[in-house]
Amino acid sequence: MRINIVTLFPEFFRQPLGLSIPGRAAQAGLASYRLVDLREFTHDRHRTVDDYAYGGGAGMVLKPAPFFEAVESLREPDGAAGSGPVLLMSARGRPFRHADAVRLSLAKELTLLCGHYKDVDQRVAVGLGAEEVSLGDFILSGGEIPALAIVDAVVRLIPGAISDHESAATDSHYEGLLSPPSYTRPAEFRGMQVPEALLSGDHAKIAGWRAEQAERLTRERRPDLWERHVTEEGRGKREE
């Protein structure tokens, strides 16, 4: 997979993308990263990328032209590049979910657009057909942190990026639920005991405990996920 990141701060990504799973995926030839400096697509001596908002108001808005030229620069005449999904990091965007990471991990190419300042001209999303996505209901200084998070979420799902696929398959959100708690040695630490079921050696008992805990935690901490899970489970049974 080729991943393009259009940003005002290419240096933000260089070290993180060389570490852990994203770095190993690149070394194995499973992923490659192209960092595109938005200022390289300006045409004035000040390399201006922003301007005042039409209609007034506080904050500066990133201009559309640099984004369009940056994305167009990725496209090759034969159409072999620059044709994959485009995502714009945006506080207005819909929440990025595990299902999105799964879908995008199957693409040959992915382009992420990082905003900054107050906003990005809406014509960027419309004209480039970009999906507007958000990490959650909070504001960050720019789109670099969300873009890096999305890269990690996507790349770890590329076949071969993680040697232990079972580990990824039991992560939170993989089956629509939060994952159960995990424990390792020692069995007792500062008066806190590992649950008896996990020490039993009974695989059925262990699986049952984990399923119960996953459901309990999802109900308590993410009622939205629990409601969706129950609805989809009911729909599946009706279709059977």
# chains A, B, ... in the order shown; residues from 1 in each chain; ligands from 1
call {"tool": "select_by_dssp", "arguments": {"residues": "segment 104-191 of chain A", "states": "alpha helix (DSSP H)", "output": "list in words"}}
result
Leu104, Ser105, Gln122, Arg123, Val124, Ala125, Val126, Gly127, Leu128, Glu144, Ile145, Pro146, Ala147, Leu148, Ala149, Ile150, Val151, Asp152, Ala153, Val154, Val155, His165, Glu166, Ser167, Ala168 and Ala169 of chain A
call {"tool": "write_last_selection", "arguments": {"atoms": "C-alpha atoms", "output": "PDB file, in the first residue's frame"}}
result
ATOM      1  CA  LEU A 104      -8.962   1.146   3.781  1.00  0.00           C
ATOM      2  CA  SER A 105      -6.419  -1.594   4.500  1.00  0.00           C
ATOM      3  CA  GLN A 122     -14.791  23.269   1.886  1.00  0.00           C
ATOM      4  CA  ARG A 123     -14.056  22.999  -1.833  1.00  0.00           C
ATOM      5  CA  VAL A 124     -11.121  20.738  -0.961  1.00  0.00           C
ATOM      6  CA  ALA A 125     -13.459  18.048   0.374  1.00  0.00           C
ATOM      7  CA  VAL A 126     -16.020  18.539  -2.383  1.00  0.00           C
ATOM      8  CA  GLY A 127     -13.671  18.867  -5.338  1.00  0.00           C
ATOM      9  CA  LEU A 128     -11.305  16.052  -4.344  1.00  0.00           C
ATOM     10  CA  GLU A 144      -1.278  15.485  11.770  1.00  0.00           C
ATOM     11  CA  ILE A 145      -2.126  13.514  14.921  1.00  0.00           C
ATOM     12  CA  PRO A 146      -5.365  12.070  13.465  1.00  0.00           C
ATOM     13  CA  ALA A 147      -3.565  11.203  10.210  1.00  0.00           C
ATOM     14  CA  LEU A 148      -0.826   9.371  12.080  1.00  0.00           C
ATOM     15  CA  ALA A 149      -3.409   7.478  14.133  1.00  0.00           C
ATOM     16  CA  ILE A 150      -5.265   6.452  10.981  1.00  0.00           C
ATOM     17  CA  VAL A 151      -2.055   5.288   9.300  1.00  0.00           C
ATOM     18  CA  ASP A 152      -1.292   3.073  12.285  1.00  0.00           C
ATOM     19  CA  ALA A 153      -4.853   1.688  12.432  1.00  0.00           C
ATOM     20  CA  VAL A 154      -4.798   0.859   8.705  1.00  0.00           C
ATOM     21  CA  VAL A 155      -1.257  -0.447   8.292  1.00  0.00           C
ATOM     22  CA  HIS A 165      -3.033 -12.128  13.430  1.00  0.00           C
ATOM     23  CA  GLU A 166      -4.944 -13.669  16.342  1.00  0.00           C
ATOM     24  CA  SER A 167      -3.777 -10.803  18.546  1.00  0.00           C
ATOM     25  CA  ALA A 168      -5.259  -8.245  16.156  1.00  0.00           C
ATOM     26  CA  ALA A 169      -8.439 -10.301  15.798  1.00  0.00           C
TER      27      ALA A 169
END
call {"tool": "residues_around", "arguments": {"residues": "Arg156 of chain A", "least_positions_apart": "6", "cutoff": "10 Å", "atoms": "only C-alpha atoms", "output": "PyMOL selection string"}}
result
chain A and resi 20-22+24-25+101-102+105+162-163+165+168
call {"tool": "write_last_selection", "arguments": {"atoms": "C-alpha atoms", "output": "mmCIF file, in the first residue's frame"}}
result
data_model
loop_
_atom_site.group_PDB
_atom_site.id
_atom_site.type_symbol
_atom_site.label_atom_id
_atom_site.label_comp_id
_atom_site.auth_asym_id
_atom_site.auth_seq_id
_atom_site.Cartn_x
_atom_site.Cartn_y
_atom_site.Cartn_z
ATOM 1 C CA SER A 20 6.985 -0.174 15.375
ATOM 2 C CA ILE A 21 4.442 -1.708 12.976
ATOM 3 C CA PRO A 22 4.416 1.155 10.400
ATOM 4 C CA ARG A 24 8.306 -2.820 9.947
ATOM 5 C CA ALA A 25 5.611 -2.764 7.269
ATOM 6 C CA ALA A 101 -9.556 0.883 8.942
ATOM 7 C CA VAL A 102 -10.493 -2.567 7.638
ATOM 8 C CA SER A 105 -6.419 -1.594 4.500
ATOM 9 C CA ILE A 162 1.477 -8.158 12.252
ATOM 10 C CA SER A 163 2.951 -11.603 12.715
ATOM 11 C CA HIS A 165 -3.033 -12.128 13.430
ATOM 12 C CA ALA A 168 -5.259 -8.245 16.156
#
call {"tool": "closest_residue", "arguments": {"among": "A:Gln213, A:Gln15, A:Ser32, A:Asn4", "to": "Glu72 of chain A", "atoms": "only C-alpha atoms"}}
result
A:Asn4
call {"tool": "atom_distance", "arguments": {"atom1": "atom CA of Arg39 of chain A", "atom2": "atom CA of Asp100 of chain A"}}
result
29.2 Å
call {"tool": "atom_distance", "arguments": {"atom1": "atom CA of Ile158 of chain A", "atom2": "atom CA of Leu106 of chain A"}}
result
7.3 Å
call {"tool": "residues_around", "arguments": {"residues": "Val6 of chain A", "least_positions_apart": "5", "cutoff": "12 Å", "atoms": "only C-alpha atoms", "output": "JSON, numbers by chain"}}
result
{"A": [11, 12, 13, 33, 34, 35, 36, 37, 38, 39, 40, 41, 66, 67, 68, 69, 70, 71, 72, 73, 74, 86, 87, 88, 89, 110, 111, 112, 113, 114, 115, 116, 142, 143, 144, 147, 148]}
call {"tool": "closest_atom_pairs", "arguments": {"of": "segment 43-115 of chain A", "to": "segment 173-184 of chain A", "cutoff": "9 Å", "atoms": "only C-alpha atoms", "output": "tab-separated table"}}
result
residue	atom	partner	partner_atom	distance
A:Arg97	CA	A:His173	CA	8.3
A:His98	CA	A:His173	CA	6.3
A:Ala99	CA	A:Tyr174	CA	8.2
call {"tool": "select_by_dssp", "arguments": {"residues": "segment 98-140 of chain A", "states": "strand (DSSP E or B)", "output": "VMD selection string"}}
result
chain A and resid 109 to 113 116 119 to 120 131 to 134
call {"tool": "atom_distance", "arguments": {"atom1": "atom CA of Lys63 of chain A", "atom2": "atom CA of Val49 of chain A"}}
result
5.7 Å
call {"tool": "residues_around", "arguments": {"residues": "Glu196 of chain A", "least_positions_apart": "2", "cutoff": "12 Å", "atoms": "only C-alpha atoms", "output": "PyMOL selection string"}}
result
chain A and resi 183+187-188+192-194+198-202+205-206+209
call {"tool": "write_last_selection", "arguments": {"atoms": "N, CA and C atoms", "output": "mmCIF file, in the first residue's frame"}}
result
data_model
loop_
_atom_site.group_PDB
_atom_site.id
_atom_site.type_symbol
_atom_site.label_atom_id
_atom_site.label_comp_id
_atom_site.auth_asym_id
_atom_site.auth_seq_id
_atom_site.Cartn_x
_atom_site.Cartn_y
_atom_site.Cartn_z
ATOM 1 N N TYR A 183 -4.286 -9.972 31.588
ATOM 2 C CA TYR A 183 -3.414 -10.164 32.751
ATOM 3 C C TYR A 183 -2.194 -10.964 32.333
ATOM 4 N N ALA A 187 0.679 -14.044 39.198
ATOM 5 C CA ALA A 187 -0.742 -14.277 39.429
ATOM 6 C C ALA A 187 -1.291 -13.391 40.542
ATOM 7 N N GLU A 188 -0.405 -12.931 41.437
ATOM 8 C CA GLU A 188 -0.815 -12.015 42.508
ATOM 9 C C GLU A 188 0.165 -10.856 42.539
ATOM 10 N N MET A 192 -3.629 -7.895 44.418
ATOM 11 C CA MET A 192 -4.599 -8.020 43.324
ATOM 12 C C MET A 192 -4.375 -9.345 42.605
ATOM 13 N N GLN A 193 -5.450 -10.115 42.485
ATOM 14 C CA GLN A 193 -5.366 -11.461 41.928
ATOM 15 C C GLN A 193 -5.841 -11.512 40.478
ATOM 16 N N VAL A 194 -5.205 -12.377 39.711
ATOM 17 C CA VAL A 194 -5.697 -12.679 38.370
ATOM 18 C C VAL A 194 -6.991 -13.480 38.528
ATOM 19 N N LEU A 198 -9.060 -17.461 34.419
ATOM 20 C CA LEU A 198 -7.900 -17.409 33.533
ATOM 21 C C LEU A 198 -6.782 -18.345 33.976
ATOM 22 N N LEU A 199 -6.833 -18.775 35.213
ATOM 23 C CA LEU A 199 -5.809 -19.686 35.740
ATOM 24 C C LEU A 199 -6.262 -21.138 35.689
ATOM 25 N N SER A 200 -7.503 -21.367 35.253
ATOM 26 C CA SER A 200 -8.102 -22.703 35.340
ATOM 27 C C SER A 200 -7.558 -23.689 34.318
ATOM 28 N N GLY A 201 -7.073 -23.175 33.169
ATOM 29 C CA GLY A 201 -6.651 -24.077 32.099
ATOM 30 C C GLY A 201 -7.819 -24.641 31.313
ATOM 31 N N ASP A 202 -9.032 -24.270 31.690
ATOM 32 C CA ASP A 202 -10.242 -24.728 31.009
ATOM 33 C C ASP A 202 -10.552 -23.732 29.889
ATOM 34 N N LYS A 205 -14.091 -22.344 29.756
ATOM 35 C CA LYS A 205 -14.340 -21.426 30.873
ATOM 36 C C LYS A 205 -13.673 -20.075 30.623
ATOM 37 N N ILE A 206 -12.455 -20.117 30.087
ATOM 38 C CA ILE A 206 -11.729 -18.889 29.779
ATOM 39 C C ILE A 206 -12.471 -18.090 28.702
ATOM 40 N N TRP A 209 -15.548 -16.491 30.196
ATOM 41 C CA TRP A 209 -15.215 -15.334 31.039
ATOM 42 C C TRP A 209 -14.894 -14.120 30.177
#
call {"tool": "closest_residue", "arguments": {"among": "A:Arg190, A:Tyr54, A:Ala107, A:Leu135", "to": "Arg92 of chain A", "atoms": "only C-alpha atoms"}}
result
A:Leu135
